[in-house]
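Enquirer: Quick one: the structure is below, and I'll ask about it shortly.
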Amino acid sequence: MNGAQALVRTLADCGVDTCFSNPGTSEMHFVAALDAVPSVHGVLCLFEGVATGAADGYGRMAGRPATALLHLGPGLANGLANLHNARRACTPLLAVVGDHATYHKRFDAPLESDIGALAGPVSGWIRRPARTADLAADAAEAVAAAMAPPGQVATLILPADVSWSEGGQPAAPLAVRAPAPVPDEVTGAAAAVLRSGEPCVILLGGTAVRREGLQAASRAAQAAGARLLCETFPARLERGAGIPAVERLAYLAEMAAAQLAGSRHLILAGARAPVSFFAYPGQPSSLVPGGCQVHVLAERGDDVCGALASLADLLAPGATPLPQQPQRPALPAGELTGESVAAVIGALLPEGAIISDEANTSGLYLPAATAGAPPHDWLTLTGGAIGQGLPLAAGAAIACPDRPVLALEADGSAMYTISALWTHAREQLDITTIIFSNRSYAILDMELDRVGAVATGQAARSLLDLSRPDLDFTALATGMGVPASRADTAPEFAAQLQRALAEPGPHLIEATIPPLGRPAR
Ligand SMILES: Cc1ncc(C[n+]2csc(CCOP(=O)(O)OP(=O)(O)O)c2C)c(N)n1
Ligand SMILES: [Mg+2]
């Protein structure tokens, strides 16, 4: 057996069943090995940022890694932005980056580059096996490293000759480290703070915003009269009717500051102390209010949910969580705006839906409109690098083939990785993409003023405007095999969304809306 065959066999034995791929010549033996190991499904992505974003979506939903197969340094570099988002999400993900044969590197052929330097900042684990006999054991270690709590990107650099040489031996899966238990003293200290009677906020992140964590956190908050908030961009937030609701910390620093104002204690459960997304002249970077003490209940790699449950038991063993009541908005009439799009989505969201949210400014009304919808998962832009949403949706749909996926995509962000639509069609994924077509980088239009930049003329505004020409998303989608329609009014949009959700397979709806705060066209 050659190295590639031993590698792919080992991945399969370690529970890796999907490989989002954009291969090149150095990965041909890996590609060939996929026929020898049919339990690993190769998914072709037409740009590496799609492969890495899809692997992120898969990992967030499956809780185990998919592979992203990338071609040398340039292929990896094309995939870096979504690996950055995956790193921020703590997603278990295995990047396999093909490299030149070991003896070929010193010739400095055109594709030669420093793969380690490119991979380092996004990878929690990185290795470049030099011998075929070591490859499978390194792969098993890579999978275990990717799964080590709280989850991370593991990068395996695969020299072509290590891949093609005979002498490969599959390796057995390795045990995955369990989350670290939180010591009783730490839970006890947090309980004492919560009993102090001073205003407390419990800030949730990581696994704390899954159903089990939210239930425990809700019990603790109820018992102590504390407020619950969660990080601004959770990797995977479980929400909807029956699940305790948690408000997300706002993106805008002044709104986040208002949410935290008056708190004397901030208890972190799987979240970091809050910071402003960007610096603004004259504004503080930390969002921790003056006079507020920060306490760490659990770090991301700890048993966060266990710690919250112990905390709740200490405070009031009998306390019950406060579930969100079912409630949906009525289907709106009239113009299509960010607000009416949100109401339609809230009215129609199917049970068990997975939302890939990259709606940006147009998403302002979504949390309220969908809060009481049937239970669903909400995946957000963890690292702020746009171009995540369409790939993430593909990965989530492959991880959870029985669940409907909605990709809520701002127009500018959609264009970064628009070729993901082709993968939606190739794999016939049950994804409904809604394009929030405001023909603008609206958030930057807003930030231009907020950072205090003085922009008086058209030169600056033209860099933030997506018209001239207008993007035709229905043409883009149909050109890649995704049935598409365009909605200009709220009832049109509702009818199109109803149809898209009722039919299996991918669909795209271009919702033409004005930028936030401007009247409908
Ligand atoms: C990889 C990357 N490149 C550039 C940016 C800067 N950026 C932030 S938002 C944005 C435009 C967003 O426009 P759109 O997706 O249409 O959302 P809207 O602001 O209109 O709601 C850009 C270019 C970024 N965050 N990430
Ligand atoms: Mg836009």
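Chain identifiers are assigned as A, B, and so on, following the order in which chains appear in the structure tokens; residues are numbered from 1 within each chain, and ligands are numbered from 1 in order of appearance.
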Do you know which residues are within 6 Å of ligand 2 using only C-alpha atoms and all ligand atoms? Can you write them as a ChimeraX atom specification?

Expert: /A:410-412,438-442

Enquirer: Can you pull out every residue within 12 Å of A:Arg248, counting only C-alpha atoms, but drop anything in the same chain fewer than 2 positions away, and send it as a PyMOL selection string?

Expert: chain A and resi 202-205+209+227-234+237+239+245-246+250-252+255-256+259-260+271+274+364+367-368+371+378+380

Enquirer: Based on the backbone DSSP call, show me all residues of stretch 278-394 of chain A assigned helix (DSSP H, G or I), as a ChimeraX atom specification.

Expert: /A:304-315,338-348,360-363,366-370,389-394

Enquirer: Just list as a PyMOL selection string whatever in stretch 114-330 of chain A DSSP marks as strand (DSSP E).

Expert: chain A and resi 125-127+153-159+200-204+227-230+237-239+247-248+265-269+293-298

Enquirer: Could you take the residues named above and write them with C-alpha atoms, as a PDB file, in the first residue's frame?

Expert:
ATOM      1  CA  TRP A 125      -0.985  21.422  15.297  1.00  0.00           C
ATOM      2  CA  ILE A 126       1.256  21.080  12.279  1.00  0.00           C
ATOM      3  CA  ARG A 127       3.488  18.304  10.936  1.00  0.00           C
ATOM      4  CA  VAL A 153      -7.137  23.287  12.914  1.00  0.00           C
ATOM      5  CA  ALA A 154      -4.532  20.541  12.465  1.00  0.00           C
ATOM      6  CA  THR A 155      -2.369  20.808   9.352  1.00  0.00           C
ATOM      7  CA  LEU A 156      -0.662  17.831   7.766  1.00  0.00           C
ATOM      8  CA  ILE A 157       1.832  18.810   5.059  1.00  0.00           C
ATOM      9  CA  LEU A 158       2.080  15.918   2.642  1.00  0.00           C
ATOM     10  CA  PRO A 159       5.156  15.620   0.405  1.00  0.00           C
ATOM     11  CA  CYS A 200     -23.705  40.022  37.718  1.00  0.00           C
ATOM     12  CA  VAL A 201     -23.537  39.055  34.055  1.00  0.00           C
ATOM     13  CA  ILE A 202     -22.694  35.504  32.997  1.00  0.00           C
ATOM     14  CA  LEU A 203     -21.069  35.703  29.563  1.00  0.00           C
ATOM     15  CA  LEU A 204     -21.378  32.455  27.597  1.00  0.00           C
ATOM     16  CA  ARG A 227     -28.160  38.339  33.516  1.00  0.00           C
ATOM     17  CA  LEU A 228     -27.085  36.035  30.689  1.00  0.00           C
ATOM     18  CA  LEU A 229     -25.301  37.250  27.571  1.00  0.00           C
ATOM     19  CA  CYS A 230     -23.293  35.394  24.952  1.00  0.00           C
ATOM     20  CA  LEU A 237     -25.751  28.794  18.967  1.00  0.00           C
ATOM     21  CA  GLU A 238     -28.749  26.564  19.673  1.00  0.00           C
ATOM     22  CA  ARG A 239     -31.906  28.609  19.979  1.00  0.00           C
ATOM     23  CA  GLU A 247     -28.963  37.736  23.979  1.00  0.00           C
ATOM     24  CA  ARG A 248     -25.760  38.132  21.973  1.00  0.00           C
ATOM     25  CA  HIS A 265     -19.135  41.128  38.035  1.00  0.00           C
ATOM     26  CA  LEU A 266     -18.624  39.435  34.704  1.00  0.00           C
ATOM     27  CA  ILE A 267     -18.424  35.646  34.927  1.00  0.00           C
ATOM     28  CA  LEU A 268     -16.898  34.045  31.848  1.00  0.00           C
ATOM     29  CA  ALA A 269     -18.115  30.581  30.837  1.00  0.00           C
ATOM     30  CA  GLN A 293     -14.549  42.464  38.109  1.00  0.00           C
ATOM     31  CA  VAL A 294     -13.949  39.621  35.659  1.00  0.00           C
ATOM     32  CA  HIS A 295     -14.085  36.020  36.913  1.00  0.00           C
ATOM     33  CA  VAL A 296     -13.256  32.957  34.802  1.00  0.00           C
ATOM     34  CA  LEU A 297     -15.578  30.041  35.515  1.00  0.00           C
ATOM     35  CA  ALA A 298     -14.407  27.941  32.561  1.00  0.00           C
TER      36      ALA A 298
END

Enquirer: Using only C-alpha atoms and all ligand atoms, which residues of the polymer chains come no farther than 9 Å from ligand 1? I'd like the answer as a PyMOL selection string.

Expert: chain A and resi 81-82+358-363+383-388+409-416+436-446+464-466+515-516

Enquirer: Considering only C-alpha atoms, give me a table of residues in stretch 35-99 of chain A that are at most 7 Å from stretch 105-124 of chain A, with the closest atom pair and distance in Å for each, as JSON lines.

Expert:
{"residue": "A:Leu72", "atom": "CA", "partner": "A:Ile115", "partner_atom": "CA", "distance": 6.8}
{"residue": "A:Gly73", "atom": "CA", "partner": "A:Ile115", "partner_atom": "CA", "distance": 4.9}
{"residue": "A:Ala77", "atom": "CA", "partner": "A:Leu118", "partner_atom": "CA", "distance": 6.8}
{"residue": "A:Leu83", "atom": "CA", "partner": "A:Val122", "partner_atom": "CA", "distance": 6.3}
{"residue": "A:His84", "atom": "CA", "partner": "A:Val122", "partner_atom": "CA", "distance": 5.7}
{"residue": "A:Arg87", "atom": "CA", "partner": "A:Val122", "partner_atom": "CA", "distance": 6.0}

Enquirer: Residues as selected, N, CA, C and O atoms, written as a CSV table (one decimal), in the first residue's frame, can you do that?

Expert:
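Just written: out-v5.csv:
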chain,number,residue,atom,x,y,z
A,72,LEU,N,-0.4,22.8,-2.2
A,72,LEU,CA,0.8,23.6,-1.8
A,72,LEU,C,0.5,25.0,-1.2
A,72,LEU,O,-0.7,25.2,-0.7
A,73,GLY,N,1.5,25.8,-1.1
A,73,GLY,CA,1.3,27.1,-0.4
A,73,GLY,C,0.2,28.0,-1.0
A,73,GLY,O,-0.6,28.5,-0.2
A,77,ALA,N,-3.0,29.3,0.9
A,77,ALA,CA,-3.2,30.7,1.1
A,77,ALA,C,-4.6,31.1,0.6
A,77,ALA,O,-5.2,32.0,1.3
A,83,LEU,N,-9.9,29.4,7.1
A,83,LEU,CA,-9.2,28.7,8.2
A,83,LEU,C,-9.1,29.6,9.5
A,83,LEU,O,-9.2,29.2,10.6
A,84,HIS,N,-8.9,30.9,9.2
A,84,HIS,CA,-8.9,31.9,10.3
A,84,HIS,C,-10.3,31.9,11.0
A,84,HIS,O,-10.3,31.8,12.3
A,87,ARG,N,-10.4,28.7,13.0
A,87,ARG,CA,-9.6,28.8,14.3
A,87,ARG,C,-10.4,29.6,15.4
A,87,ARG,O,-10.4,29.2,16.5

Enquirer: Show me, as a PyMOL selection string, the residues that have an atom within 9 Å of A:Leu34 when counting only C-alpha atoms, minus same-chain residues fewer than 6 positions from it.

Expert: chain A and resi 5+8-9+40-42

Enquirer: Pull N, CA, C and O atoms from the residues just selected and write them as an mmCIF file, in the first residue's frame.

Expert:
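Wrote it out as selection-v4.cif, contents follow:
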data_model
loop_
_atom_site.group_PDB
_atom_site.id
_atom_site.type_symbol
_atom_site.label_atom_id
_atom_site.label_comp_id
_atom_site.auth_asym_id
_atom_site.auth_seq_id
_atom_site.Cartn_x
_atom_site.Cartn_y
_atom_site.Cartn_z
ATOM 1 N N GLN A 5 -2.725 5.775 0.286
ATOM 2 C CA GLN A 5 -3.766 4.790 0.629
ATOM 3 C C GLN A 5 -3.809 4.557 2.144
ATOM 4 O O GLN A 5 -4.895 4.475 2.740
ATOM 5 N N VAL A 8 -5.506 7.694 3.732
ATOM 6 C CA VAL A 8 -6.959 7.809 3.583
ATOM 7 C C VAL A 8 -7.662 6.708 4.387
ATOM 8 O O VAL A 8 -8.696 6.957 5.030
ATOM 9 N N ARG A 9 -7.074 5.504 4.395
ATOM 10 C CA ARG A 9 -7.646 4.415 5.209
ATOM 11 C C ARG A 9 -7.656 4.823 6.687
ATOM 12 O O ARG A 9 -8.635 4.627 7.409
ATOM 13 N N VAL A 40 -14.678 7.493 2.414
ATOM 14 C CA VAL A 40 -14.312 8.914 2.458
ATOM 15 C C VAL A 40 -14.831 9.576 1.179
ATOM 16 O O VAL A 40 -14.435 9.221 0.073
ATOM 17 N N HIS A 41 -15.746 10.522 1.371
ATOM 18 C CA HIS A 41 -16.440 11.166 0.257
ATOM 19 C C HIS A 41 -15.669 12.424 -0.150
ATOM 20 O O HIS A 41 -15.509 13.341 0.657
ATOM 21 N N GLY A 42 -15.181 12.448 -1.355
ATOM 22 C CA GLY A 42 -14.499 13.633 -1.866
ATOM 23 C C GLY A 42 -15.518 14.617 -2.420
ATOM 24 O O GLY A 42 -16.402 14.237 -3.178
#

Enquirer: Neighbours of A:Thr433 within 10 Å (only C-alpha atoms; same-chain residues fewer than 4 positions away dropped), as a short mmCIF file (atom, residue, chain, number, x, y, z; two decimals) with N, CA and C atoms, in the first residue's frame?

Expert:
data_model
loop_
_atom_site.label_atom_id
_atom_site.label_comp_id
_atom_site.auth_asym_id
_atom_site.auth_seq_id
_atom_site.Cartn_x
_atom_site.Cartn_y
_atom_site.Cartn_z
N ILE A 355 -28.78 27.63 10.30
CA ILE A 355 -28.62 28.93 9.64
C ILE A 355 -27.15 29.28 9.57
N SER A 356 -26.68 29.54 8.36
CA SER A 356 -25.35 30.09 8.17
C SER A 356 -25.56 31.59 7.98
N GLY A 389 -20.06 32.40 4.49
CA GLY A 389 -21.41 31.87 4.62
C GLY A 389 -21.80 30.77 3.65
N LEU A 390 -21.52 30.95 2.36
CA LEU A 390 -21.94 29.94 1.38
C LEU A 390 -21.15 28.64 1.55
N ALA A 393 -22.36 26.82 4.75
CA ALA A 393 -23.65 26.16 4.53
C ALA A 393 -23.45 24.80 3.86
N VAL A 405 -30.95 23.71 5.47
CA VAL A 405 -29.94 24.74 5.75
C VAL A 405 -30.37 26.03 5.06
N LEU A 406 -30.24 27.14 5.78
CA LEU A 406 -30.48 28.46 5.18
C LEU A 406 -29.18 29.24 5.22
N ALA A 407 -28.73 29.69 4.07
CA ALA A 407 -27.57 30.58 4.02
C ALA A 407 -28.11 32.00 3.87
N LEU A 408 -27.91 32.81 4.90
CA LEU A 408 -28.39 34.20 4.88
C LEU A 408 -27.19 35.07 4.57
N GLU A 409 -27.12 35.52 3.32
CA GLU A 409 -25.89 36.08 2.75
C GLU A 409 -26.02 37.51 2.30
N ALA A 414 -21.19 37.42 -0.30
CA ALA A 414 -21.49 36.27 -1.16
C ALA A 414 -20.49 36.15 -2.29
N LEU A 421 -21.78 27.91 -4.69
CA LEU A 421 -23.10 27.54 -5.22
C LEU A 421 -22.99 26.32 -6.14
N HIS A 424 -23.04 23.42 -4.00
CA HIS A 424 -24.42 23.18 -3.55
C HIS A 424 -25.16 22.36 -4.60
N ALA A 477 -26.48 32.22 -10.04
CA ALA A 477 -26.88 30.94 -9.46
C ALA A 477 -27.27 29.94 -10.54
N VAL A 482 -27.98 26.20 -9.74
CA VAL A 482 -28.88 26.40 -8.60
C VAL A 482 -30.10 27.18 -9.08
N ALA A 484 -33.06 29.70 -9.22
CA ALA A 484 -33.03 30.98 -8.52
C ALA A 484 -34.19 31.86 -8.93
N LEU A 497 -39.82 31.77 -0.80
CA LEU A 497 -39.15 31.03 0.28
C LEU A 497 -39.94 29.76 0.61
N ALA A 500 -39.07 27.25 -2.04
CA ALA A 500 -37.69 26.75 -1.93
C ALA A 500 -37.56 25.77 -0.77
N PRO A 506 -30.78 22.60 -3.69
CA PRO A 506 -30.42 24.00 -3.47
C PRO A 506 -31.34 24.97 -4.21
N HIS A 507 -31.53 26.14 -3.61
CA HIS A 507 -32.25 27.24 -4.24
C HIS A 507 -31.57 28.54 -3.84
N LEU A 508 -31.78 29.55 -4.63
CA LEU A 508 -31.30 30.89 -4.25
C LEU A 508 -32.40 31.90 -4.52
N ILE A 509 -32.58 32.79 -3.56
CA ILE A 509 -33.52 33.91 -3.74
C ILE A 509 -32.75 35.21 -3.54
N GLU A 510 -32.79 36.04 -4.55
CA GLU A 510 -32.19 37.36 -4.41
C GLU A 510 -33.25 38.31 -3.88
#

Enquirer: With only C-alpha atoms as the basis for distance, which of A:Ala475, A:Val162, A:Ala55, A:Ile243 is at the shortest distance from A:Ala130?

Expert: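 Comparing A:Ala475, A:Val162, A:Ala55, A:Ile243 against A:Ala130, the winner is A:Val162.
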
Enquirer: Between atom CA of A:Thr423 and atom CA of A:Ala502, what distance in Å does the model show, to one decimal?

Expert: 20.5 Å

Enquirer: Considering only C-alpha atoms, return as a PyMOL selection string whatever protein or nucleic-acid residues lie within 9 Å of stretch 18-20 of chain A, sequence-local ones (same chain, fewer than 6 positions apart) excluded.

Expert: chain A and resi 12+39-45+48+50-52+54-55+58+65-70+395+398-399
